[in-house]
file run_36.csv (CSV, C-alpha atoms)
chain,number,residue,atom,x,y,z
A,21,MET,CA,36.9,-60.6,121.9
A,22,LEU,CA,37.1,-58.7,118.6
A,23,LEU,CA,38.0,-55.1,119.1
A,24,ALA,CA,38.7,-52.0,117.0
A,25,ASP,CA,40.3,-48.6,117.9
A,26,VAL,CA,38.8,-46.3,115.3
A,27,HIS,CA,40.8,-43.2,116.3
A,28,ALA,CA,44.4,-43.2,117.4
A,29,HIS,CA,47.6,-41.2,116.7
A,30,LEU,CA,50.3,-43.8,116.6
A,31,ASP,CA,52.7,-41.4,115.0
A,32,THR,CA,53.1,-39.6,118.4
A,33,PHE,CA,54.8,-42.6,120.0
A,34,ASP,CA,58.5,-43.2,119.5
A,35,GLU,CA,59.5,-46.2,117.4
A,36,GLU,CA,60.3,-48.6,120.3
A,37,GLU,CA,57.2,-47.7,122.3
A,38,ARG,CA,55.0,-47.8,119.2
A,39,SER,CA,56.0,-51.4,118.4
A,40,ALA,CA,55.2,-52.4,122.0
A,41,VAL,CA,51.9,-50.6,121.9
A,42,VAL,CA,50.8,-52.3,118.7
A,43,GLU,CA,51.9,-55.7,120.1
A,44,ARG,CA,49.9,-55.2,123.3
A,45,ALA,CA,46.8,-54.2,121.2
A,46,ALA,CA,47.0,-57.3,119.2
A,47,ALA,CA,47.4,-59.4,122.3
A,48,ALA,CA,44.3,-57.8,123.8
A,49,GLY,CA,42.2,-58.7,120.7
A,50,VAL,CA,42.4,-55.5,118.8
A,51,LYS,CA,42.0,-56.4,115.1
A,52,ALA,CA,42.2,-52.8,113.7
A,53,ILE,CA,43.7,-49.5,114.7
A,54,ILE,CA,42.8,-46.5,112.6
A,55,THR,CA,45.8,-44.1,113.0
A,56,ASN,CA,44.8,-40.5,112.0
A,57,GLY,CA,46.9,-37.9,110.2
A,58,ILE,CA,46.5,-34.2,111.0
A,59,ASP,CA,49.0,-32.6,108.7
A,60,PRO,CA,51.3,-33.5,105.8
A,61,ALA,CA,54.0,-35.1,108.0
A,62,SER,CA,51.6,-37.2,110.1
A,63,ASN,CA,49.6,-38.2,107.0
A,64,ARG,CA,52.8,-39.7,105.4
A,65,LYS,CA,53.7,-41.4,108.7
A,66,SER,CA,50.2,-42.9,108.9
A,67,LEU,CA,50.7,-44.6,105.5
A,68,GLU,CA,54.1,-45.8,106.6
A,69,LEU,CA,52.7,-47.3,109.8
A,70,GLN,CA,50.0,-49.1,107.8
A,71,GLN,CA,52.7,-50.8,105.8
A,72,GLN,CA,54.7,-51.7,109.0
A,73,PHE,CA,51.9,-53.2,111.1
A,74,LYS,CA,49.3,-55.6,109.9
A,75,ILE,CA,46.5,-54.3,112.2
A,76,VAL,CA,47.1,-50.6,111.5
A,77,ARG,CA,45.0,-48.7,108.9
A,78,ALA,CA,45.6,-45.1,107.8
A,79,ALA,CA,43.3,-42.2,107.8
A,80,LEU,CA,44.5,-39.0,106.2
A,81,GLY,CA,43.3,-35.5,106.8
A,82,LEU,CA,44.0,-31.9,107.8
A,83,TYR,CA,43.1,-31.1,111.4
A,84,PRO,CA,41.5,-27.7,111.7
A,85,SER,CA,44.1,-25.8,113.7
A,86,GLU,CA,46.9,-27.4,111.6
A,87,ALA,CA,45.1,-26.7,108.3
A,88,VAL,CA,44.8,-23.0,108.9
A,89,LYS,CA,48.6,-22.7,109.2
A,90,LEU,CA,49.1,-23.8,105.6
A,91,SER,CA,49.0,-21.7,102.5
A,92,ALA,CA,46.2,-22.2,100.0
A,93,ALA,CA,48.7,-23.9,97.7
A,94,ALA,CA,49.9,-26.3,100.4
A,95,ILE,CA,46.3,-27.2,101.3
A,96,GLU,CA,45.5,-28.0,97.7
A,97,GLU,CA,48.7,-30.1,97.4
A,98,GLU,CA,47.8,-32.1,100.5
A,99,LEU,CA,44.2,-32.6,99.4
A,100,GLY,CA,45.6,-33.9,96.1
A,101,PHE,CA,47.9,-36.2,98.0
A,102,ILE,CA,44.9,-37.6,100.0
A,103,ARG,CA,43.0,-38.2,96.7
A,104,SER,CA,46.1,-39.9,95.2
A,105,ASN,CA,46.1,-42.4,98.0
A,106,GLU,CA,42.4,-43.3,97.7
A,107,ASN,CA,43.1,-47.0,97.4
A,108,LYS,CA,45.4,-47.1,100.5
A,109,ILE,CA,43.4,-45.3,103.1
A,110,ALA,CA,40.6,-46.4,105.4
A,111,ALA,CA,39.1,-43.0,106.1
A,112,ILE,CA,39.4,-39.2,105.9
A,113,GLY,CA,40.5,-38.0,109.3
A,114,GLU,CA,41.2,-36.3,111.5
A,115,ILE,CA,39.2,-33.4,110.2
A,116,GLY,CA,36.6,-31.1,111.7
A,117,LEU,CA,36.2,-27.8,113.6
A,118,ASP,CA,37.9,-26.6,116.7
A,119,TYR,CA,36.4,-23.3,117.8
A,120,GLN,CA,38.3,-23.4,121.0
A,121,GLU,CA,41.6,-23.0,119.1
A,122,ALA,CA,40.2,-20.7,116.4
A,123,LYS,CA,41.6,-17.1,116.5
A,124,GLY,CA,38.5,-15.1,115.6
A,125,GLU,CA,35.6,-15.3,113.2
A,126,LYS,CA,37.8,-15.3,110.1
A,127,GLU,CA,39.7,-18.4,111.2
A,128,ARG,CA,36.4,-20.1,112.1
A,129,GLN,CA,35.2,-19.5,108.5
A,130,LEU,CA,38.4,-20.9,107.1
A,131,GLN,CA,38.1,-24.0,109.3
A,132,GLN,CA,34.5,-24.4,108.0
A,133,ARG,CA,35.5,-24.1,104.4
A,134,LEU,CA,38.4,-26.6,104.8
A,135,PHE,CA,36.1,-29.0,106.7
A,136,GLU,CA,33.5,-29.1,104.1
A,137,GLN,CA,36.1,-29.4,101.4
A,138,GLN,CA,37.4,-32.5,103.0
A,139,LEU,CA,33.9,-33.8,103.6
A,140,ARG,CA,33.3,-33.6,99.9
A,141,ILE,CA,36.5,-35.6,99.3
A,142,GLY,CA,35.1,-38.3,101.7
A,143,ILE,CA,31.9,-38.5,99.6
A,144,GLU,CA,33.9,-38.5,96.4
A,145,LEU,CA,36.1,-41.3,97.5
A,146,ASN,CA,33.4,-43.1,99.4
A,147,LYS,CA,35.4,-43.1,102.6
A,148,PRO,CA,34.2,-42.7,106.2
A,149,VAL,CA,35.0,-39.3,107.7
A,150,ILE,CA,36.4,-39.0,111.3
A,151,ALA,CA,35.2,-35.6,112.7
A,152,HIS,CA,36.6,-33.5,115.5
A,153,SER,CA,34.2,-31.0,117.0
A,154,ARG,CA,35.6,-29.1,120.0
A,155,LYS,CA,33.3,-26.2,121.0
A,156,ALA,CA,31.6,-26.6,117.6
A,157,GLU,CA,29.5,-29.7,118.0
A,158,LYS,CA,26.3,-28.4,116.5
A,159,GLU,CA,28.2,-26.8,113.6
A,160,VAL,CA,29.9,-30.0,112.8
A,161,VAL,CA,26.7,-32.1,112.8
A,162,ASP,CA,25.0,-29.4,110.7
A,163,ALA,CA,27.8,-29.5,108.2
A,164,LEU,CA,27.8,-33.3,108.0
A,165,ILE,CA,24.1,-33.3,107.3
A,166,ARG,CA,24.3,-30.4,104.9
A,167,CYS,CA,27.0,-32.1,102.9
A,168,GLY,CA,25.1,-35.3,102.7
A,169,CYS,CA,27.6,-37.4,104.6
A,170,LYS,CA,26.5,-40.9,105.4
A,171,ARG,CA,29.6,-42.7,106.7
A,172,VAL,CA,30.5,-40.6,109.8
A,173,ILE,CA,32.4,-41.1,113.0
A,174,LEU,CA,32.0,-38.4,115.7
A,175,HIS,CA,35.2,-38.6,117.6
A,176,ALA,CA,35.3,-37.7,121.3
A,177,PHE,CA,31.9,-35.9,120.9
A,178,HIS,CA,31.0,-33.5,123.7
A,179,GLY,CA,27.7,-32.3,122.3
A,180,SER,CA,24.5,-32.4,124.3
A,181,ILE,CA,22.5,-35.7,124.5
A,182,LYS,CA,19.9,-34.1,122.3
A,183,LEU,CA,22.5,-33.5,119.7
A,184,VAL,CA,23.9,-37.0,120.1
A,185,LYS,CA,20.4,-38.4,119.4
A,186,ALA,CA,20.1,-36.2,116.3
A,187,ALA,CA,23.5,-37.4,115.1
A,188,ALA,CA,22.5,-41.1,115.6
A,189,ALA,CA,19.2,-40.5,113.9
A,190,ALA,CA,21.2,-39.2,110.9
A,191,GLY,CA,23.0,-42.5,110.8
A,192,PHE,CA,26.2,-41.3,112.3
A,193,TYR,CA,28.4,-43.3,114.7
A,194,VAL,CA,29.6,-41.9,118.0
A,195,THR,CA,32.8,-43.2,119.6
A,196,ILE,CA,33.2,-44.2,123.2
A,197,PRO,CA,36.8,-43.5,124.3
A,198,SER,CA,39.0,-45.2,126.8
A,199,ASN,CA,38.3,-42.6,129.5
A,200,ILE,CA,34.6,-43.5,129.8
A,201,GLY,CA,35.3,-44.8,133.3
A,202,ARG,CA,35.9,-41.3,134.5
A,203,SER,CA,33.5,-39.5,132.1
A,204,SER,CA,29.9,-39.2,133.1
A,205,HIS,CA,29.2,-37.7,129.6
A,206,PHE,CA,30.5,-40.7,127.7
A,207,GLN,CA,28.7,-43.0,130.1
A,208,ALA,CA,25.5,-41.1,129.3
A,209,ILE,CA,26.1,-41.5,125.6
A,210,ALA,CA,26.7,-45.2,126.1
A,211,LYS,CA,23.4,-45.5,128.0
A,212,THR,CA,21.4,-43.4,125.5
A,213,LEU,CA,22.5,-44.8,122.2
A,214,PRO,CA,21.9,-48.3,120.9
A,215,LEU,CA,25.0,-50.4,120.5
A,216,SER,CA,24.4,-50.2,116.7
A,217,ARG,CA,25.5,-46.6,116.8
A,218,LEU,CA,28.6,-47.0,119.0
A,219,LEU,CA,32.3,-47.5,118.2
A,220,THR,CA,35.4,-47.5,120.4
A,221,GLU,CA,38.5,-45.4,120.3
A,222,THR,CA,41.4,-44.3,122.5
A,223,ASP,CA,42.7,-41.1,120.8
A,224,ALA,CA,46.0,-42.6,121.8
A,225,PRO,CA,48.0,-41.3,123.6
A,226,PHE,CA,45.2,-39.0,124.8
A,227,LEU,CA,41.9,-39.6,126.6
A,228,ALA,CA,43.5,-42.1,129.0
A,229,ALA,CA,41.6,-43.9,131.7
A,230,ASP,CA,44.2,-42.5,134.1
A,231,LYS,CA,44.0,-38.7,133.7
A,232,ASN,CA,47.8,-38.4,134.1
A,233,GLY,CA,48.6,-41.5,132.0
A,234,LYS,CA,48.8,-42.4,128.3
A,235,SER,CA,46.1,-44.1,126.4
A,236,GLU,CA,46.9,-46.9,123.9
A,237,PRO,CA,44.7,-49.1,121.6
A,238,ALA,CA,44.7,-52.0,123.9
A,239,HIS,CA,42.6,-49.9,126.3
A,240,VAL,CA,39.5,-50.2,124.0
A,241,ALA,CA,38.9,-53.4,125.9
A,242,ALA,CA,38.2,-51.4,129.1
A,243,ALA,CA,35.8,-49.1,127.1
A,244,VAL,CA,33.9,-52.2,125.8
A,245,ALA,CA,33.7,-53.6,129.4
A,246,LYS,CA,32.2,-50.3,130.7
A,247,ILE,CA,29.7,-50.1,127.8
A,248,ALA,CA,28.7,-53.7,128.5
A,249,GLU,CA,28.2,-52.9,132.2
A,250,ILE,CA,26.0,-49.9,131.4
A,251,LYS,CA,24.0,-52.0,128.9
A,252,GLY,CA,23.7,-55.0,131.2
A,253,LEU,CA,25.5,-57.3,128.8
A,254,VAL,CA,28.5,-59.5,129.0
A,255,ALA,CA,31.6,-57.8,127.5
A,256,GLU,CA,32.0,-60.3,124.6
A,257,GLU,CA,28.4,-59.6,123.4
A,258,ALA,CA,29.0,-55.8,123.4
A,259,ALA,CA,32.4,-56.3,121.7
A,260,ASN,CA,30.9,-58.4,118.9
A,261,VAL,CA,28.2,-55.8,118.1
A,262,ILE,CA,30.7,-52.9,118.2
A,263,TYR,CA,33.2,-54.7,116.0
A,264,ASN,CA,30.4,-55.5,113.6
A,265,ASN,CA,29.7,-51.8,113.4
A,266,TYR,CA,33.4,-51.2,112.5
A,267,GLN,CA,33.2,-53.8,109.8
A,268,LEU,CA,30.0,-52.3,108.3
A,269,LEU,CA,31.5,-48.8,108.3
A,270,PHE,CA,34.9,-49.7,107.0
A,271,ALA,CA,34.0,-52.6,104.6

call {"tool": "encode", "arguments": {"input": "run_36.csv", "output": "structure tokens"}}
result
Amino acid sequence: MLLADVHAHLDTFDEEERSAVVERAAAAGVKAIITNGIDPASNRKSLELQQQFKIVRAALGLYPSEAVKLSAAAIEEELGFIRSNENKIAAIGEIGLDYQEAKGEKERQLQQRLFEQQLRIGIELNKPVIAHSRKAEKEVVDALIRCGCKRVILHAFHGSIKLVKAAAAAGFYVTIPSNIGRSSHFQAIAKTLPLSRLLTETDAPFLAADKNGKSEPAHVAAAVAKIAEIKGLVAEEAANVIYNNYQLLFA
């Protein structure tokens, strides 16, 4: 099977474990892992890991709760760094809104401005955007549509099925993570959306199939298997369509 993990955080593993994780992913049929930066340090690490591992691709971005910690000058410097690596990166991510972590309305407004600023960079560079949306699902979808984004991945999206359908109608992709086996919500998304709107992710080391365990990119195989079961397909058929979605989005 051809597999892709479109959202992971490989920088969070130590060096020895990371090498083993990537090796297991390749053995499982994973042809691409998008490792996401969230701040200046992890953005640079993502680029480094892309150089180190053949199947790893870098996404650079400022995560909402990390971005608000930075000064205006530091934000501008980092956005300039992202632009300067236009030819090296696969996507802009992880970006978005996190109203669960926002401390009051002022911080929500700052998150919104920074999110839209990064969306415009995604459009400018013609890169997919990988959007986080905790407790702000509608606000994220509205911003994506308002900004005219076309190449969108909604990562670990917990919006209502109505909102999921609206996002798919706008041409966005929704990820199915490796914890689908214990998540009725992600099972409902997999049942509702056509395969042509689905991608797989692990958010490694988070969103594990085992609530107390670690996720890793090889686990997208289990997500594909569950999607196939829900759709009444053989796993390889589902995998091929989902991998084709990855290729279309990241070509």

call {"tool": "atom_distance", "arguments": {"input": "run_36.csv", "atom1": "CA of Ala224 in chain A", "atom2": "CA of Gly100 in chain A"}}
result
27.1 Å

call {"tool": "residues_around", "arguments": {"input": "run_36.csv", "residues": "Glu68 in chain A", "least_positions_apart": "5", "cutoff": "10 Å", "atoms": "only C-alpha atoms", "output": "PyMOL selection string"}}
result
chain A and resi 31+62-63+73+76-78

call {"tool": "residues_near_point", "arguments": {"input": "run_36.csv", "point": "(26.7, -42.4, 128.0)", "cutoff": "12 Å", "atoms": "all atoms listed in the file", "output": "ChimeraX atom specification"}}
result
/A:176-181,184-185,194-197,199-215,218,243,246-251

call {"tool": "residues_around", "arguments": {"input": "run_36.csv", "residues": "Val41 in chain A", "least_positions_apart": "4", "cutoff": "12 Å", "atoms": "only C-alpha atoms", "output": "MDAnalysis selection string"}}
result
chainID A and resid 28:37 45:48 50 53 73 75:76 224:225 234:239

call {"tool": "residues_around", "arguments": {"input": "run_36.csv", "residues": "range 133-141 of chain A", "least_positions_apart": "5", "cutoff": "9 Å", "atoms": "only C-alpha atoms", "output": "PDB file with C-alpha atoms, in the frame of the given file"}}
result
ATOM      1  CA  GLY A  81      43.300 -35.500 106.800  1.00  0.00           C
ATOM      2  CA  LEU A  82      44.000 -31.900 107.800  1.00  0.00           C
ATOM      3  CA  TYR A  83      43.100 -31.100 111.400  1.00  0.00           C
ATOM      4  CA  PRO A  84      41.500 -27.700 111.700  1.00  0.00           C
ATOM      5  CA  ALA A  87      45.100 -26.700 108.300  1.00  0.00           C
ATOM      6  CA  VAL A  88      44.800 -23.000 108.900  1.00  0.00           C
ATOM      7  CA  ILE A  95      46.300 -27.200 101.300  1.00  0.00           C
ATOM      8  CA  LEU A  99      44.200 -32.600  99.400  1.00  0.00           C
ATOM      9  CA  ILE A 102      44.900 -37.600 100.000  1.00  0.00           C
ATOM     10  CA  ARG A 103      43.000 -38.200  96.700  1.00  0.00           C
ATOM     11  CA  ILE A 112      39.400 -39.200 105.900  1.00  0.00           C
ATOM     12  CA  GLY A 113      40.500 -38.000 109.300  1.00  0.00           C
ATOM     13  CA  ILE A 115      39.200 -33.400 110.200  1.00  0.00           C
ATOM     14  CA  GLY A 116      36.600 -31.100 111.700  1.00  0.00           C
ATOM     15  CA  LEU A 117      36.200 -27.800 113.600  1.00  0.00           C
ATOM     16  CA  ARG A 128      36.400 -20.100 112.100  1.00  0.00           C
ATOM     17  CA  ASN A 146      33.400 -43.100  99.400  1.00  0.00           C
ATOM     18  CA  LYS A 147      35.400 -43.100 102.600  1.00  0.00           C
ATOM     19  CA  VAL A 149      35.000 -39.300 107.700  1.00  0.00           C
ATOM     20  CA  ALA A 151      35.200 -35.600 112.700  1.00  0.00           C
ATOM     21  CA  VAL A 160      29.900 -30.000 112.800  1.00  0.00           C
ATOM     22  CA  ALA A 163      27.800 -29.500 108.200  1.00  0.00           C
ATOM     23  CA  LEU A 164      27.800 -33.300 108.000  1.00  0.00           C
ATOM     24  CA  CYS A 167      27.000 -32.100 102.900  1.00  0.00           C
ATOM     25  CA  GLY A 168      25.100 -35.300 102.700  1.00  0.00           C
ATOM     26  CA  CYS A 169      27.600 -37.400 104.600  1.00  0.00           C
TER      27      CYS A 169
END

call {"tool": "atom_distance", "arguments": {"input": "run_36.csv", "atom1": "CA of Ala241 in chain A", "atom2": "CA of Ala255 in chain A"}}
result
8.7 Å

call {"tool": "atom_distance", "arguments": {"input": "run_36.csv", "atom1": "CA of Arg44 in chain A", "atom2": "CA of Ala271 in chain A"}}
result
24.7 Å

call {"tool": "residues_near_point", "arguments": {"input": "run_36.csv", "point": "(30.8, -25.9, 118.2)", "cutoff": "9 Å", "atoms": "all atoms listed in the file", "output": "VMD selection string"}}
result
chain A and resid 117 to 120 153 to 160 179

call {"tool": "closest_atom_pairs", "arguments": {"input": "run_36.csv", "of": "range 193-244 of chain A", "to": "range 259-269 of chain A", "cutoff": "8 Å", "atoms": "only C-alpha atoms", "output": "JSON lines"}}
result
{"residue": "A:Leu215", "atom": "CA", "partner": "A:Ile262", "partner_atom": "CA", "distance": 6.6}
{"residue": "A:Ser216", "atom": "CA", "partner": "A:Asn265", "partner_atom": "CA", "distance": 6.4}
{"residue": "A:Arg217", "atom": "CA", "partner": "A:Asn265", "partner_atom": "CA", "distance": 7.5}
{"residue": "A:Leu218", "atom": "CA", "partner": "A:Ile262", "partner_atom": "CA", "distance": 6.3}
{"residue": "A:Leu219", "atom": "CA", "partner": "A:Ile262", "partner_atom": "CA", "distance": 5.6}
{"residue": "A:Thr220", "atom": "CA", "partner": "A:Ile262", "partner_atom": "CA", "distance": 7.5}
{"residue": "A:Val244", "atom": "CA", "partner": "A:Ala259", "partner_atom": "CA", "distance": 6.0}

call {"tool": "closest_residue", "arguments": {"input": "run_36.csv", "among": "A:Leu183, A:Ala245, A:Ala122, A:Leu145", "to": "Arg171 in chain A", "atoms": "all atoms listed in the file"}}
result
A:Leu145

call {"tool": "closest_residue", "arguments": {"input": "run_36.csv", "among": "A:Arg64, A:Glu127, A:Leu80, A:Glu97", "to": "Pro148 in chain A", "atoms": "only C-alpha atoms"}}
result
A:Leu80

call {"tool": "closest_residue", "arguments": {"input": "run_36.csv", "among": "A:Thr222, A:Glu121, A:Val26, A:Gly233", "to": "Tyr193 in chain A", "atoms": "only C-alpha atoms"}}
result
A:Val26
